[in-house]
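Trainee: Sharing start_21.pdb (PDB, C-alpha atoms) below.
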ATOM      1  CA  MET A  24      38.877 -78.917  52.307
ATOM      2  CA  LYS A  25      39.058 -76.626  55.338
ATOM      3  CA  ASN A  26      42.876 -76.862  55.292
ATOM      4  CA  LEU A  27      42.941 -76.075  51.591
ATOM      5  CA  LEU A  28      40.887 -72.894  52.192
ATOM      6  CA  LYS A  29      43.203 -71.845  55.017
ATOM      7  CA  PHE A  30      46.252 -72.507  52.831
ATOM      8  CA  SER A  31      44.722 -70.546  49.944
ATOM      9  CA  PHE A  32      43.898 -67.634  52.259
ATOM     10  CA  VAL A  33      47.423 -67.570  53.715
ATOM     11  CA  LEU A  34      48.942 -67.839  50.234
ATOM     12  CA  CYS A  35      46.799 -64.967  48.893
ATOM     13  CA  LEU A  36      47.540 -62.843  51.947
ATOM     14  CA  SER A  37      51.294 -63.504  51.574
ATOM     15  CA  VAL A  38      51.261 -62.608  47.890
ATOM     16  CA  PHE A  39      49.296 -59.443  48.648
ATOM     17  CA  LEU A  40      51.613 -58.363  51.476
ATOM     18  CA  PHE A  41      54.815 -58.992  49.567
ATOM     19  CA  SER A  42      53.568 -57.423  46.348
ATOM     20  CA  CYS A  43      52.573 -54.311  48.306
ATOM     21  CA  SER A  44      55.878 -53.988  50.087
ATOM     22  CA  SER A  45      57.945 -50.878  49.683
ATOM     23  CA  ASP A  46      58.015 -49.731  46.062
ATOM     24  CA  ASP A  47      59.630 -46.493  47.088
ATOM     25  CA  ASP A  48      61.797 -44.976  44.409
ATOM     26  CA  ASN A  49      62.752 -42.055  46.673
ATOM     27  CA  SER A  50      60.576 -39.731  44.591
ATOM     28  CA  SER A  51      58.907 -38.487  47.757
ATOM     29  CA  LYS A  52      62.023 -37.051  49.385
ATOM     30  CA  ALA A  53      61.373 -33.954  51.448
ATOM     31  CA  ASN A  54      62.981 -30.603  50.638
ATOM     32  CA  GLN A  55      64.877 -30.196  53.864
ATOM     33  CA  LEU A  56      68.150 -29.447  55.580
ATOM     34  CA  THR A  57      69.022 -31.351  58.735
ATOM     35  CA  PHE A  58      71.722 -29.662  60.814
ATOM     36  CA  ASP A  59      72.782 -30.393  64.373
ATOM     37  CA  GLY A  60      69.739 -32.643  64.852
ATOM     38  CA  LYS A  61      67.187 -30.035  63.716
ATOM     39  CA  THR A  62      65.285 -30.100  60.434
ATOM     40  CA  TYR A  63      64.527 -27.047  58.286
ATOM     41  CA  THR A  64      62.117 -27.074  55.315
ATOM     42  CA  LEU A  65      63.726 -25.692  52.145
ATOM     43  CA  LYS A  66      61.512 -23.628  49.816
ATOM     44  CA  THR A  67      63.596 -21.821  47.179
ATOM     45  CA  ALA A  68      67.016 -22.013  45.546
ATOM     46  CA  GLY A  69      69.182 -19.578  43.657
ATOM     47  CA  VAL A  70      72.149 -20.258  41.394
ATOM     48  CA  ASP A  71      74.488 -17.331  40.677
ATOM     49  CA  TYR A  72      77.027 -17.685  37.876
ATOM     50  CA  PHE A  73      80.120 -15.567  38.611
ATOM     51  CA  GLY A  74      82.189 -16.299  35.529
ATOM     52  CA  GLU A  75      85.305 -18.176  34.507
ATOM     53  CA  GLN A  76      88.989 -17.896  35.329
ATOM     54  CA  GLU A  77      91.590 -20.168  33.767
ATOM     55  CA  GLY A  78      88.936 -22.646  32.598
ATOM     56  CA  ILE A  79      87.192 -22.950  35.978
ATOM     57  CA  HIS A  80      83.602 -21.678  36.266
ATOM     58  CA  ASN A  81      82.084 -20.470  39.557
ATOM     59  CA  HIS A  82      78.434 -21.114  40.484
ATOM     60  CA  ASP A  83      77.164 -20.092  43.914
ATOM     61  CA  ILE A  84      74.190 -22.126  45.127
ATOM     62  CA  SER A  85      71.923 -20.881  47.927
ATOM     63  CA  ILE A  86      68.957 -22.925  49.160
ATOM     64  CA  ILE A  87      66.726 -21.170  51.691
ATOM     65  CA  THR A  88      63.773 -21.810  53.996
ATOM     66  CA  SER A  89      61.804 -18.849  52.636
ATOM     67  CA  SER A  90      59.930 -18.086  49.464
ATOM     68  CA  THR A  91      61.206 -15.069  47.523
ATOM     69  CA  ASP A  92      59.783 -12.175  45.590
ATOM     70  CA  ALA A  93      58.914 -12.783  41.929
ATOM     71  CA  ALA A  94      62.427 -11.873  40.774
ATOM     72  CA  GLY A  95      64.043 -14.281  43.231
ATOM     73  CA  GLN A  96      66.032 -11.438  44.784
ATOM     74  CA  ASN A  97      64.525 -11.044  48.254
ATOM     75  CA  PRO A  98      63.240 -13.608  50.776
ATOM     76  CA  THR A  99      59.628 -12.998  51.826
ATOM     77  CA  ASP A 100      60.210 -14.177  55.414
ATOM     78  CA  ASP A 101      61.932 -11.860  57.896
ATOM     79  CA  ILE A 102      63.817 -14.792  59.436
ATOM     80  CA  PHE A 103      65.134 -17.698  57.371
ATOM     81  CA  SER A 104      67.884 -20.310  57.280
ATOM     82  CA  MET A 105      70.017 -21.400  54.344
ATOM     83  CA  ILE A 106      72.775 -23.618  53.031
ATOM     84  CA  TYR A 107      75.275 -22.088  50.631
ATOM     85  CA  PHE A 108      77.818 -23.761  48.319
ATOM     86  CA  GLU A 109      80.472 -21.970  46.248
ATOM     87  CA  THR A 110      81.017 -24.545  43.479
ATOM     88  CA  PHE A 111      83.571 -24.872  40.690
ATOM     89  CA  SER A 112      83.203 -26.732  37.386
ATOM     90  CA  ASP A 113      84.650 -26.851  33.886
ATOM     91  CA  SER A 114      81.409 -25.577  32.308
ATOM     92  CA  LYS A 115      79.397 -22.355  32.279
ATOM     93  CA  ASP A 116      76.270 -24.465  32.616
ATOM     94  CA  LEU A 117      75.718 -26.015  36.016
ATOM     95  CA  LYS A 118      76.739 -29.653  35.643
ATOM     96  CA  LYS A 119      75.285 -32.842  37.049
ATOM     97  CA  GLY A 120      77.678 -34.694  39.324
ATOM     98  CA  LYS A 121      79.339 -34.886  42.706
ATOM     99  CA  TYR A 122      81.165 -31.889  44.140
ATOM    100  CA  THR A 123      83.425 -32.400  47.154
ATOM    101  CA  PHE A 124      84.768 -29.963  49.718
ATOM    102  CA  SER A 125      88.206 -28.560  48.853
ATOM    103  CA  ASP A 126      90.418 -25.636  49.764
ATOM    104  CA  THR A 127      91.398 -25.334  46.091
ATOM    105  CA  GLU A 128      89.275 -24.046  43.217
ATOM    106  CA  GLN A 129      89.254 -27.152  41.030
ATOM    107  CA  ALA A 130      86.429 -28.481  38.853
ATOM    108  CA  GLY A 131      84.124 -30.770  40.831
ATOM    109  CA  THR A 132      84.656 -29.031  44.174
ATOM    110  CA  PHE A 133      83.038 -26.518  46.502
ATOM    111  CA  SER A 134      85.007 -24.070  48.623
ATOM    112  CA  GLU A 135      85.688 -23.388  52.275
ATOM    113  CA  PHE A 136      83.435 -20.318  51.918
ATOM    114  CA  SER A 137      80.417 -22.652  51.804
ATOM    115  CA  SER A 138      78.272 -22.393  54.923
ATOM    116  CA  ILE A 139      75.048 -22.979  56.806
ATOM    117  CA  VAL A 140      73.239 -19.973  58.276
ATOM    118  CA  ILE A 141      70.520 -20.551  60.881
ATOM    119  CA  ASN A 142      67.760 -18.028  61.622
ATOM    120  CA  TYR A 143      69.116 -15.060  59.720
ATOM    121  CA  ASN A 144      67.133 -11.931  60.597
ATOM    122  CA  ASN A 145      66.671  -9.911  57.412
ATOM    123  CA  THR A 146      65.798  -6.762  59.413
ATOM    124  CA  ASN A 147      68.840  -6.491  61.683
ATOM    125  CA  GLU A 148      71.090  -8.616  59.429
ATOM    126  CA  GLU A 149      72.140 -10.943  62.242
ATOM    127  CA  ALA A 150      71.992 -14.735  62.447
ATOM    128  CA  GLU A 151      71.578 -17.140  65.324
ATOM    129  CA  SER A 152      74.558 -19.044  63.927
ATOM    130  CA  GLU A 153      76.775 -19.326  60.869
ATOM    131  CA  SER A 154      78.812 -22.494  60.431
ATOM    132  CA  MET A 155      81.455 -22.932  57.759
ATOM    133  CA  ILE A 156      81.362 -26.256  55.913
ATOM    134  CA  THR A 157      84.618 -28.147  56.523
ATOM    135  CA  SER A 158      83.917 -31.414  54.694
ATOM    136  CA  GLY A 159      81.231 -33.036  52.639
ATOM    137  CA  GLU A 160      79.653 -33.699  49.296
ATOM    138  CA  LEU A 161      77.105 -31.915  47.125
ATOM    139  CA  ASN A 162      75.442 -34.156  44.540
ATOM    140  CA  ILE A 163      73.750 -32.348  41.668
ATOM    141  CA  ILE A 164      71.361 -35.103  40.625
ATOM    142  CA  ASP A 165      69.741 -33.110  37.829
ATOM    143  CA  ALA A 166      70.973 -29.653  36.802
ATOM    144  CA  ASN A 167      67.959 -28.930  34.565
ATOM    145  CA  THR A 168      65.251 -29.479  37.186
ATOM    146  CA  PHE A 169      67.685 -28.526  39.959
ATOM    147  CA  GLU A 170      67.642 -31.598  42.144
ATOM    148  CA  VAL A 171      70.432 -31.856  44.728
ATOM    149  CA  SER A 172      71.407 -33.799  47.824
ATOM    150  CA  PHE A 173      74.165 -32.948  50.267
ATOM    151  CA  GLU A 174      75.886 -34.082  53.450
ATOM    152  CA  GLY A 175      78.911 -33.226  55.505
ATOM    153  CA  ILE A 176      80.257 -31.363  58.533
ATOM    154  CA  ALA A 177      79.788 -27.653  59.287
ATOM    155  CA  GLY A 178      81.079 -26.069  62.472
ATOM    156  CA  GLY A 179      81.834 -29.536  63.827
ATOM    157  CA  LYS A 180      78.201 -30.655  63.376
ATOM    158  CA  GLU A 181      76.685 -33.037  60.833
ATOM    159  CA  PHE A 182      74.364 -31.825  58.090
ATOM    160  CA  SER A 183      72.436 -33.514  55.295
ATOM    161  CA  GLY A 184      69.595 -32.673  53.000
ATOM    162  CA  TYR A 185      67.800 -32.737  49.707
ATOM    163  CA  TYR A 186      66.142 -30.168  47.449
ATOM    164  CA  LYS A 187      64.227 -30.292  44.187
ATOM    165  CA  GLY A 188      62.118 -27.374  43.134
ATOM    166  CA  LYS A 189      61.802 -23.710  42.381
ATOM    167  CA  THR A 190      65.150 -22.231  41.412
ATOM    168  CA  PHE A 191      66.214 -18.804  40.219
ATOM    169  CA  TYR A 192      69.264 -18.464  37.957
ATOM    170  CA  PHE A 193      71.385 -15.337  37.740
ATOM    171  CA  ASP A 194      74.394 -14.473  35.612
ATOM    172  CA  GLU A 195      76.370 -11.891  37.556
ATOM    173  CA  ASN A 196      78.356 -11.057  34.395
ATOM    174  CA  ASP A 197      75.312 -10.166  32.279
ATOM    175  CA  GLU A 198      71.769  -8.960  32.702
ATOM    176  CA  PRO A 199      69.688 -10.757  35.358
ATOM    177  CA  VAL A 200      68.558 -14.199  34.276
ATOM    178  CA  ALA A 201      64.838 -14.991  34.441
ATOM    179  CA  PHE A 202      63.312 -17.650  36.671
ATOM    180  CA  SER A 203      63.417 -21.019  35.050
ATOM    181  CA  PRO A 204      62.026 -24.184  36.560
ATOM    182  CA  ASN A 205      63.929 -26.235  34.010
ATOM    183  CA  LYS A 206      67.233 -24.749  32.884
ATOM    184  CA  LEU A 207      69.493 -21.740  32.659
ATOM    185  CA  ARG A 208      68.061 -19.065  30.360
ATOM    186  CA  LYS A 209      69.251 -15.576  29.550
TER     187      LYS A 209
END
If you convert what's in this file into structure tokens, what do you get?
Mentor:
Amino acid sequence: MKNLLKFSFVLCLSVFLFSCSSDDDNSSKANQLTFDGKTYTLKTAGVDYFGEQEGIHNHDISIITSSTDAAGQNPTDDIFSMIYFETFSDSKDLKKGKYTFSDTEQAGTFSEFSSIVINYNNTNEEAESESMITSGELNIIDANTFEVSFEGIAGGKEFSGYYKGKTFYFDENDEPVAFSPNKLRK
């Protein structure tokens, strides 16, 4: 009887431990940029639509470590860091999917003008460093809620990160576009 109780206890404990093992669905990813071994918390994003040429649409994506004013125009912190992607797609609306580094402006790519800026001082307009992205991938997981992940090389150093959250959308060809937590709105 004593052995049966021990067996039952071990069996219950095993079932409990295995049923409580990692159920992570990655929904608790942190909004952060890791660059050159340092981690920066990302707080706000902006998407600027710059128009279309020959069927290719240009969206510039900036994700920064500062909050912004209500219009999304100005960072509230004097010093902030950011990652910037100049992306190209075949749609005016930002599209879900993978964008890869390229020196050509083709749909599904981002340009050599993409960069990482560390500790930009908004007062004297100088940065501790600016590193051009030379390879990598930007994955727009959800364009409506603006969820992205990214990784690659900038200035010879590895970077990676994730962001989902507050995003401001602007159409540089029209009137300013209002803040939208969900999708592009004019």
Trainee: Mind running stretch 142-194 of chain A against stretch 67-89 of chain A at 12 Å and telling me each contacting residue's nearest atom pair with the distance in Å (one decimal), counting only C-alpha atoms, chain and number ascending, as CSV?
Mentor:
residue,atom,partner,partner_atom,distance
A:Asn142,CA,A:Thr88,CA,9.4
A:Tyr143,CA,A:Thr88,CA,10.3
A:Asn144,CA,A:Ser89,CA,11.8
A:Asn145,CA,A:Ser89,CA,11.2
A:Leu161,CA,A:Ile84,CA,10.4
A:Ile163,CA,A:Ile84,CA,10.8
A:Ala166,CA,A:Val70,CA,10.5
A:Asn167,CA,A:Val70,CA,11.8
A:Thr168,CA,A:Ala68,CA,11.3
A:Phe169,CA,A:Ala68,CA,8.6
A:Glu170,CA,A:Ala68,CA,10.2
A:Val171,CA,A:Ile86,CA,10.1
A:Ser172,CA,A:Ile86,CA,11.2
A:Phe173,CA,A:Ile86,CA,11.3
A:Gly184,CA,A:Ile86,CA,10.5
A:Tyr185,CA,A:Ile86,CA,9.9
A:Tyr186,CA,A:Ile86,CA,8.0
A:Lys187,CA,A:Ala68,CA,8.8
A:Gly188,CA,A:Thr67,CA,7.0
A:Lys189,CA,A:Thr67,CA,5.5
A:Thr190,CA,A:Ala68,CA,4.5
A:Phe191,CA,A:Gly69,CA,4.6
A:Tyr192,CA,A:Val70,CA,4.8
A:Phe193,CA,A:Asp71,CA,4.7
A:Asp194,CA,A:Tyr72,CA,4.7
Trainee: Can you spell out as number ranges by chain the set of residues that the PyMOL selection byres ((chain A and resi 129) around 12) selects in the structure I just provided?
Mentor: A: 75-81, 109-114, 122-128, 130-134
Trainee: With all atoms listed in the file as the basis for distance, which of A:Asp92, A:Gly120, A:Phe108, A:Asn196 is at the shortest distance from A:Ser158?
Mentor: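 So, comparing all the options, the nearest one is A:Phe108.
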Trainee: Between atom CA of A:Ile164 and atom CA of A:Leu56, what is the distance, to one decimal in Å?
Mentor: 16.3 Å
Trainee: Report, in Å with one decimal, the straight-line distance from atom CA of A:Thr146 to atom CA of A:Thr64.
Mentor: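 Going from atom CA of A:Thr146 over to atom CA of A:Thr64 covers 21.0 Å.
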Trainee: Go ahead and compute the interatomic distance for atom CA of A:Asp59 and atom CA of A:Asp165, in Å to one decimal.
Mentor: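 Calculated distance between atom CA of A:Asp59 and atom CA of A:Asp165 is 26.9 Å.
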Trainee: Go through A:Lys52, A:Lys61, A:Lys66, A:Lys118 and flag the residue nearest A:Lys180, using all atoms listed in the file for the distances.
Mentor: A:Lys61
Trainee: Counting only C-alpha atoms, what is within 10 Å of stretch 149-151 of chain A, bar same-chain residues fewer than 6 positions away, as a VMD selection string?
Mentor: chain A and resid 102 to 104 140 to 143
Trainee: Restricting the output to C-alpha atoms, write the selected residues as a PDB file, keeping the file's coordinate frame.
Mentor:
ATOM      1  CA  ILE A 102      63.817 -14.792  59.436  1.00  0.00           C
ATOM      2  CA  PHE A 103      65.134 -17.698  57.371  1.00  0.00           C
ATOM      3  CA  SER A 104      67.884 -20.310  57.280  1.00  0.00           C
ATOM      4  CA  VAL A 140      73.239 -19.973  58.276  1.00  0.00           C
ATOM      5  CA  ILE A 141      70.520 -20.551  60.881  1.00  0.00           C
ATOM      6  CA  ASN A 142      67.760 -18.028  61.622  1.00  0.00           C
ATOM      7  CA  TYR A 143      69.116 -15.060  59.720  1.00  0.00           C
TER       8      TYR A 143
END
Trainee: Decode the PyMOL selection byres ((chain A and resi 181) around 12) for the given file into explicit residues and return them as JSON, numbers by chain.
Mentor: {"A": [56, 57, 58, 59, 60, 61, 62, 139, 154, 155, 156, 157, 158, 159, 160, 173, 174, 175, 176, 177, 178, 179, 180, 182, 183, 184]}
Trainee: With only C-alpha atoms as the basis for distance, which of A:Thr99, A:Asp116, A:Lys121, A:Met105 is at the shortest distance from A:Asn162?
Mentor: A:Lys121
Trainee: Draw an axis-aligned box over all listed atoms of stretch 118-122 of chain A, pad each side with 3 Å, and write its centre and edge lengths in Å, one decimal, as lines of an AutoDock Vina configuration file.
Mentor:
center_x = 78.2
center_y = -32.3
center_z = 39.9
size_x = 11.9
size_y = 11.2
size_z = 14.5
